[in-house]
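Single-structure report; data block below.
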Amino acid sequence: MADVRVENLRKTYGSMNAVDDVNFSFPESSVTCLLGPSGCGKTTLMRIIAGLEKPTAGDVYFGDRKVTDLPPSKREIGMVFQYPVVYKGITVRQNIELPLKSEKISAPERTRRVNEVIEMLTLGPVADKDVSRLDNGTRQKVSVAREVARQPRIILFDEPITNVDATAKLQLKRAFKEVTRRLSQTIVYVTHDQTEAMTLADQIALMRDGRIVQCDAPRELYNRPEDRFGGWFLGNPGMNFFDAEFAGDNRFLTLVSPLFPSPVAVEGAGLSAGPVTLGIRPEQILANHERFDGAIPAGLDRKSIQIGGQYLLTLRVEGLGATPFKAKVGHESGSRLPDTGRIWIRLPLERVTLFGADGVRLPARFPAAAAVGV
Ligand code: ATP
């Protein structure tokens, strides 16, 4: 069952559609990340779910219950914002316990829940300290602990690690991973940080211009973007795009591109001759200093080492125009490559995605490609 459902949801500010007719279900007991560039409507959508913002049109349901007109306090949700919300002058333990007291939870049950979240969020060493003496990252952990201890059915997170320093970010990411792994609550998590979304989410709802353009498990979304936007937005750097062409007719179609030594047979319902866009992620391109099977020559303009020891290559291929593209290779094969000059590359067909003129992924298959899992 869907725990949170929005129907025909719209929010306009003047002539701007911040949320543009969204129909979406957030599955029960799972973590859904709302991911997208700044201004795409993530926070507005979450604030409407929370009851902090009234939609211009449409409805919000929690289970079968319509909650569109209920204030936040009546929605039985937990919320964690960008800035930690804590009560200064009292201890971490007291901060977590306070809302449980106002909800009239029995003393033994309060103690059990407080101890449980303190352990889950590794707050043990600071449990009896005044929160005023803690850094921002730890205070944010306290905010999370307090919401988790209340055990609402739904918890909403709005970019909770945006405003903490790098060390605290890392700690909080670890803590969130643990919390989301252990909780059975429905979590909606807003972020513009794809690594955060990739690590935490069961599914990512990718947003653009007020709409959810794709919702899938992180790996599926990464490997099979439904349109060019998903390919471009995810990845660092994002997908490479190349102009290519389908030649022939619907009985025998080939993909023609200077990236392949010869035209490649392609099949799929509704495909026809004409221009297409070929997409491949930088780390899916194979590169070698010597010629290898199925490879084409490429000019290496630049080779730079990345955090983690991978090499980022700036490449050109004759016949593809002046714009260079990127490949990312492991340390071992990267260190064998020259700094600049001619190298050999191959685009594995099973990693290639094709898009139509409208930017939407085409249902294309390569009969010659090896089968790979997502
Ligand atoms: P960010 O990651 O930068 O927080 P976001 O994806 O969460 O972005 P929103 O904050 O939901 O995006 O904003 C969506 C659009 O609505 C933006 O163009 C924003 O400027 C606009 N907007 C949001 N709130 C208001 C408001 N109160 N008044 C006018 N415009 C608003």
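In the structure tokens, chains take the letters A, B, ... in the order shown, each chain's residues start at 1, and ligands count up from 1 in the order shown.
On the backbone of this structure, DSSP gives helix (DSSP H, G or I) within stretch 267-365 of chain A to Pro282, Glu283, Gln284, His331, Glu332, Ser333, Gly334, Ser335, Arg336, Leu349, Glu350 and Arg351 of chain A.
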Write a file of the selected residues as a compact mmCIF listing (two decimals), in the first residue's frame, keeping N, CA and C atoms.
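Ended up saving to selection_5.txt:
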# COMPACT_ATOMS: atom_id res chain seq x y z
N PRO A 282 30.82 8.02 -18.60
CA PRO A 282 32.28 8.05 -18.74
C PRO A 282 32.96 6.77 -18.24
N GLU A 283 32.47 6.21 -17.14
CA GLU A 283 33.15 5.04 -16.57
C GLU A 283 32.81 3.75 -17.32
N GLN A 284 31.91 3.85 -18.30
CA GLN A 284 31.55 2.64 -19.05
C GLN A 284 32.35 2.51 -20.35
N HIS A 331 42.58 2.84 -11.86
CA HIS A 331 43.95 3.29 -11.67
C HIS A 331 44.94 2.51 -12.53
N GLU A 332 44.71 1.18 -12.58
CA GLU A 332 45.70 0.34 -13.26
C GLU A 332 45.76 0.64 -14.77
N SER A 333 44.59 0.62 -15.43
CA SER A 333 44.64 0.87 -16.87
C SER A 333 44.94 2.33 -17.14
N GLY A 334 44.50 3.24 -16.26
CA GLY A 334 44.78 4.67 -16.45
C GLY A 334 46.26 4.98 -16.37
N SER A 335 46.96 4.32 -15.46
CA SER A 335 48.38 4.66 -15.30
C SER A 335 49.22 4.13 -16.47
N ARG A 336 48.66 3.17 -17.24
CA ARG A 336 49.38 2.68 -18.42
C ARG A 336 49.21 3.60 -19.63
N LEU A 349 28.46 -2.28 -26.17
CA LEU A 349 27.08 -2.05 -26.64
C LEU A 349 26.06 -2.18 -25.51
N GLU A 350 26.32 -3.11 -24.59
CA GLU A 350 25.35 -3.34 -23.53
C GLU A 350 25.26 -2.15 -22.57
N ARG A 351 26.18 -1.22 -22.69
CA ARG A 351 26.16 -0.02 -21.84
C ARG A 351 25.65 1.22 -22.57
Per-residue nearest contacts chain A to ligand 1, cut-off 12 Å, using only C-alpha atoms and all ligand atoms, as JSON lines:
{"residue": "A:Arg10", "atom": "CA", "partner": "ligand 1", "partner_atom_place_in_ligand_line": "16 (O)", "distance": 11.3}
{"residue": "A:Lys11", "atom": "CA", "partner": "ligand 1", "partner_atom_place_in_ligand_line": "16 (O)", "distance": 8.4}
{"residue": "A:Thr12", "atom": "CA", "partner": "ligand 1", "partner_atom_place_in_ligand_line": "16 (O)", "distance": 7.8}
{"residue": "A:Tyr13", "atom": "CA", "partner": "ligand 1", "partner_atom_place_in_ligand_line": "29 (C)", "distance": 5.1}
{"residue": "A:Gly14", "atom": "CA", "partner": "ligand 1", "partner_atom_place_in_ligand_line": "29 (C)", "distance": 7.5}
{"residue": "A:Ser15", "atom": "CA", "partner": "ligand 1", "partner_atom_place_in_ligand_line": "30 (N)", "distance": 9.7}
{"residue": "A:Met16", "atom": "CA", "partner": "ligand 1", "partner_atom_place_in_ligand_line": "16 (O)", "distance": 7.1}
{"residue": "A:Asn17", "atom": "CA", "partner": "ligand 1", "partner_atom_place_in_ligand_line": "16 (O)", "distance": 7.1}
{"residue": "A:Ala18", "atom": "CA", "partner": "ligand 1", "partner_atom_place_in_ligand_line": "16 (O)", "distance": 4.2}
{"residue": "A:Val19", "atom": "CA", "partner": "ligand 1", "partner_atom_place_in_ligand_line": "14 (C)", "distance": 7.2}
{"residue": "A:Asp20", "atom": "CA", "partner": "ligand 1", "partner_atom_place_in_ligand_line": "14 (C)", "distance": 10.2}
{"residue": "A:Leu34", "atom": "CA", "partner": "ligand 1", "partner_atom_place_in_ligand_line": "6 (O)", "distance": 8.7}
{"residue": "A:Leu35", "atom": "CA", "partner": "ligand 1", "partner_atom_place_in_ligand_line": "6 (O)", "distance": 7.9}
{"residue": "A:Gly36", "atom": "CA", "partner": "ligand 1", "partner_atom_place_in_ligand_line": "6 (O)", "distance": 6.2}
{"residue": "A:Pro37", "atom": "CA", "partner": "ligand 1", "partner_atom_place_in_ligand_line": "6 (O)", "distance": 6.0}
{"residue": "A:Ser38", "atom": "CA", "partner": "ligand 1", "partner_atom_place_in_ligand_line": "3 (O)", "distance": 3.6}
{"residue": "A:Gly39", "atom": "CA", "partner": "ligand 1", "partner_atom_place_in_ligand_line": "12 (O)", "distance": 3.4}
{"residue": "A:Cys40", "atom": "CA", "partner": "ligand 1", "partner_atom_place_in_ligand_line": "6 (O)", "distance": 3.8}
{"residue": "A:Gly41", "atom": "CA", "partner": "ligand 1", "partner_atom_place_in_ligand_line": "11 (O)", "distance": 3.3}
{"residue": "A:Lys42", "atom": "CA", "partner": "ligand 1", "partner_atom_place_in_ligand_line": "6 (O)", "distance": 4.0}
{"residue": "A:Thr43", "atom": "CA", "partner": "ligand 1", "partner_atom_place_in_ligand_line": "7 (O)", "distance": 3.6}
{"residue": "A:Thr44", "atom": "CA", "partner": "ligand 1", "partner_atom_place_in_ligand_line": "11 (O)", "distance": 3.7}
{"residue": "A:Leu45", "atom": "CA", "partner": "ligand 1", "partner_atom_place_in_ligand_line": "11 (O)", "distance": 6.4}
{"residue": "A:Met46", "atom": "CA", "partner": "ligand 1", "partner_atom_place_in_ligand_line": "11 (O)", "distance": 8.0}
{"residue": "A:Arg47", "atom": "CA", "partner": "ligand 1", "partner_atom_place_in_ligand_line": "11 (O)", "distance": 8.3}
{"residue": "A:Ile48", "atom": "CA", "partner": "ligand 1", "partner_atom_place_in_ligand_line": "11 (O)", "distance": 9.9}
{"residue": "A:Leu52", "atom": "CA", "partner": "ligand 1", "partner_atom_place_in_ligand_line": "27 (N)", "distance": 11.1}
{"residue": "A:Glu53", "atom": "CA", "partner": "ligand 1", "partner_atom_place_in_ligand_line": "27 (N)", "distance": 9.0}
{"residue": "A:Lys54", "atom": "CA", "partner": "ligand 1", "partner_atom_place_in_ligand_line": "27 (N)", "distance": 11.0}
{"residue": "A:Pro55", "atom": "CA", "partner": "ligand 1", "partner_atom_place_in_ligand_line": "24 (N)", "distance": 11.8}
{"residue": "A:Phe81", "atom": "CA", "partner": "ligand 1", "partner_atom_place_in_ligand_line": "4 (O)", "distance": 11.4}
{"residue": "A:Gln82", "atom": "CA", "partner": "ligand 1", "partner_atom_place_in_ligand_line": "4 (O)", "distance": 10.0}
{"residue": "A:Phe157", "atom": "CA", "partner": "ligand 1", "partner_atom_place_in_ligand_line": "7 (O)", "distance": 11.8}
{"residue": "A:Asp158", "atom": "CA", "partner": "ligand 1", "partner_atom_place_in_ligand_line": "7 (O)", "distance": 8.5}
{"residue": "A:Glu159", "atom": "CA", "partner": "ligand 1", "partner_atom_place_in_ligand_line": "4 (O)", "distance": 8.1}
{"residue": "A:Pro160", "atom": "CA", "partner": "ligand 1", "partner_atom_place_in_ligand_line": "4 (O)", "distance": 11.6}
{"residue": "A:Thr162", "atom": "CA", "partner": "ligand 1", "partner_atom_place_in_ligand_line": "2 (O)", "distance": 10.0}
{"residue": "A:Tyr189", "atom": "CA", "partner": "ligand 1", "partner_atom_place_in_ligand_line": "7 (O)", "distance": 11.2}
{"residue": "A:Val190", "atom": "CA", "partner": "ligand 1", "partner_atom_place_in_ligand_line": "7 (O)", "distance": 7.6}
{"residue": "A:Thr191", "atom": "CA", "partner": "ligand 1", "partner_atom_place_in_ligand_line": "2 (O)", "distance": 6.9}
{"residue": "A:His192", "atom": "CA", "partner": "ligand 1", "partner_atom_place_in_ligand_line": "2 (O)", "distance": 5.7}
{"residue": "A:Asp193", "atom": "CA", "partner": "ligand 1", "partner_atom_place_in_ligand_line": "2 (O)", "distance": 9.2}
{"residue": "A:Gln194", "atom": "CA", "partner": "ligand 1", "partner_atom_place_in_ligand_line": "2 (O)", "distance": 11.9}
{"residue": "A:Leu206", "atom": "CA", "partner": "ligand 1", "partner_atom_place_in_ligand_line": "6 (O)", "distance": 10.4}
{"residue": "A:Met207", "atom": "CA", "partner": "ligand 1", "partner_atom_place_in_ligand_line": "6 (O)", "distance": 7.8}
{"residue": "A:Arg208", "atom": "CA", "partner": "ligand 1", "partner_atom_place_in_ligand_line": "6 (O)", "distance": 8.2}
{"residue": "A:Asp209", "atom": "CA", "partner": "ligand 1", "partner_atom_place_in_ligand_line": "14 (C)", "distance": 7.9}
{"residue": "A:Gly210", "atom": "CA", "partner": "ligand 1", "partner_atom_place_in_ligand_line": "14 (C)", "distance": 7.0}
{"residue": "A:Arg211", "atom": "CA", "partner": "ligand 1", "partner_atom_place_in_ligand_line": "6 (O)", "distance": 10.3}
{"residue": "A:Ile212", "atom": "CA", "partner": "ligand 1", "partner_atom_place_in_ligand_line": "6 (O)", "distance": 11.2}
| If you count only C-alpha atoms, which residues fall within 7 Å of A:Glu97, apart from same-chain ones fewer than 3 positions away, as a VMD selection string? | chain A and resid 93 to 94 100 to 101 110 114
| task | Mind giving me the straight-line distance from atom CA of A:Glu109 to atom CA of A:Ser30 in Å, one decimal? | result | 25.0 Å
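Distances to A:Phe260 were evaluated for A:Lys303, A:Arg291, A:Arg346, A:Arg219 using only C-alpha atoms, and the minimum falls at A:Arg346.
If you look at atom CA of A:Arg251 and atom CA of A:Pro263, they are 15.2 Å away from each other.
Near stretch 318-324 of chain A, within 10 Å and counting only C-alpha atoms, sit A:Asn240, A:Phe242, A:Asp243, A:Ala244, A:Ser257, A:Pro258, A:Leu259, A:Ile296, A:Pro297, A:Ala298, A:Gly299, A:Leu300, A:Asp301; same-chain residues fewer than 6 positions away were not included.
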| Polymer residues at most 6 Å from A:Ile345, only C-alpha atoms, same-chain spacing of 6 or more positions, as a list of chain:residue names | A:Leu286, A:Ala287, A:Ala295, A:Ile296
Filtering to C-alpha atoms, could you give me those residues as a tab-separated table (two decimals), in the first residue's frame?
chain	number	residue	atom	x	y	z
A	286	LEU	CA	36.92	1.03	-22.05
A	287	ALA	CA	40.37	2.49	-22.82
A	295	ALA	CA	38.34	-0.57	-30.39
A	296	ILE	CA	38.65	2.69	-32.32
| message | Show me, as a list in words, the residues that have an atom within 10 Å of stretch 353-359 of chain A when counting only C-alpha atoms, minus same-chain residues fewer than 6 positions from it. | response | Asn223, Arg224, Pro225, Glu226, Asp227, Arg228, Phe229, Gly231, Met239, Phe241, Phe242, Asp243, Ala244, Leu255, Leu271, Gly274, Pro275, Val276, Thr277, Leu278, Gly279, Ile280, Arg281 and Arg365 of chain A
With N, CA and C atoms kept, could you save the residues just selected as a short mmCIF file (atom, residue, chain, number, x, y, z; two decimals), in the first residue's frame?
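Listing of out.cif after writing:
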data_model
loop_
_atom_site.label_atom_id
_atom_site.label_comp_id
_atom_site.auth_asym_id
_atom_site.auth_seq_id
_atom_site.Cartn_x
_atom_site.Cartn_y
_atom_site.Cartn_z
N ASN A 223 21.61 3.57 -14.46
CA ASN A 223 21.98 2.81 -15.66
C ASN A 223 20.97 2.91 -16.79
N ARG A 224 19.72 3.19 -16.46
CA ARG A 224 18.70 3.26 -17.50
C ARG A 224 17.87 4.53 -17.37
N PRO A 225 18.49 5.69 -17.54
CA PRO A 225 17.70 6.92 -17.45
C PRO A 225 16.64 6.95 -18.54
N GLU A 226 15.44 7.39 -18.17
CA GLU A 226 14.36 7.38 -19.15
C GLU A 226 14.48 8.53 -20.14
N ASP A 227 15.21 9.56 -19.75
CA ASP A 227 15.49 10.59 -20.75
C ASP A 227 16.88 11.19 -20.50
N ARG A 228 17.27 12.07 -21.42
CA ARG A 228 18.63 12.63 -21.36
C ARG A 228 18.88 13.36 -20.07
N PHE A 229 17.83 13.94 -19.48
CA PHE A 229 18.00 14.70 -18.25
C PHE A 229 18.59 13.82 -17.14
N GLY A 231 20.31 11.11 -17.51
CA GLY A 231 21.69 10.78 -17.88
C GLY A 231 22.63 11.91 -17.54
N MET A 239 26.46 11.67 -18.13
CA MET A 239 26.56 10.87 -19.36
C MET A 239 27.10 11.70 -20.52
N PHE A 241 26.90 12.50 -24.49
CA PHE A 241 25.89 12.36 -25.56
C PHE A 241 26.54 12.63 -26.91
N PHE A 242 26.18 11.81 -27.91
CA PHE A 242 26.75 11.96 -29.25
C PHE A 242 25.62 11.88 -30.28
N ASP A 243 25.74 12.68 -31.33
CA ASP A 243 24.81 12.54 -32.46
C ASP A 243 25.15 11.26 -33.19
N ALA A 244 24.13 10.49 -33.55
CA ALA A 244 24.35 9.26 -34.32
C ALA A 244 23.16 9.07 -35.25
N LEU A 255 22.95 1.07 -36.40
CA LEU A 255 23.36 2.31 -35.75
C LEU A 255 24.71 2.70 -36.35
N LEU A 271 11.18 1.57 -34.08
CA LEU A 271 12.38 2.33 -34.47
C LEU A 271 12.37 2.53 -35.98
N GLY A 274 16.89 7.54 -39.14
CA GLY A 274 16.93 8.97 -38.81
C GLY A 274 17.93 9.25 -37.70
N PRO A 275 18.04 10.53 -37.33
CA PRO A 275 19.02 10.88 -36.29
C PRO A 275 18.60 10.40 -34.90
N VAL A 276 19.56 9.98 -34.10
CA VAL A 276 19.33 9.59 -32.70
C VAL A 276 20.47 10.16 -31.86
N THR A 277 20.32 10.09 -30.55
CA THR A 277 21.41 10.47 -29.66
C THR A 277 21.90 9.23 -28.94
N LEU A 278 23.22 9.07 -28.92
CA LEU A 278 23.82 7.92 -28.26
C LEU A 278 24.37 8.41 -26.92
N GLY A 279 24.03 7.72 -25.85
CA GLY A 279 24.53 8.12 -24.52
C GLY A 279 25.36 7.02 -23.90
N ILE A 280 26.45 7.39 -23.25
CA ILE A 280 27.23 6.42 -22.48
C ILE A 280 27.89 7.14 -21.32
N ARG A 281 27.95 6.49 -20.17
CA ARG A 281 28.58 7.11 -18.99
C ARG A 281 30.10 7.01 -19.11
N ARG A 365 17.49 -2.43 -28.80
CA ARG A 365 18.34 -3.54 -28.33
C ARG A 365 19.40 -3.81 -29.39
#
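Separating atom CA of A:Gln310 from atom CA of A:Met198 is a distance of 19.7 Å.
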| said: Which residues are close to stretch 122-139 of chain A, i.e. within 10 Å by only C-alpha atoms, leaving aside same-chain residues fewer than 6 positions away? Reply as a ChimeraX atom specification. | reply: /A:83-96,114-116,145,160-161,163-172,175
| task | From a DSSP calculation on the backbone, collect every residue of stretch 20-219 of chain A in strand (DSSP E) and output the set as a ChimeraX atom specification. | result | /A:20-27,31-35,57-62,65-66,77-80,154-158,186-191,203-208,211-216
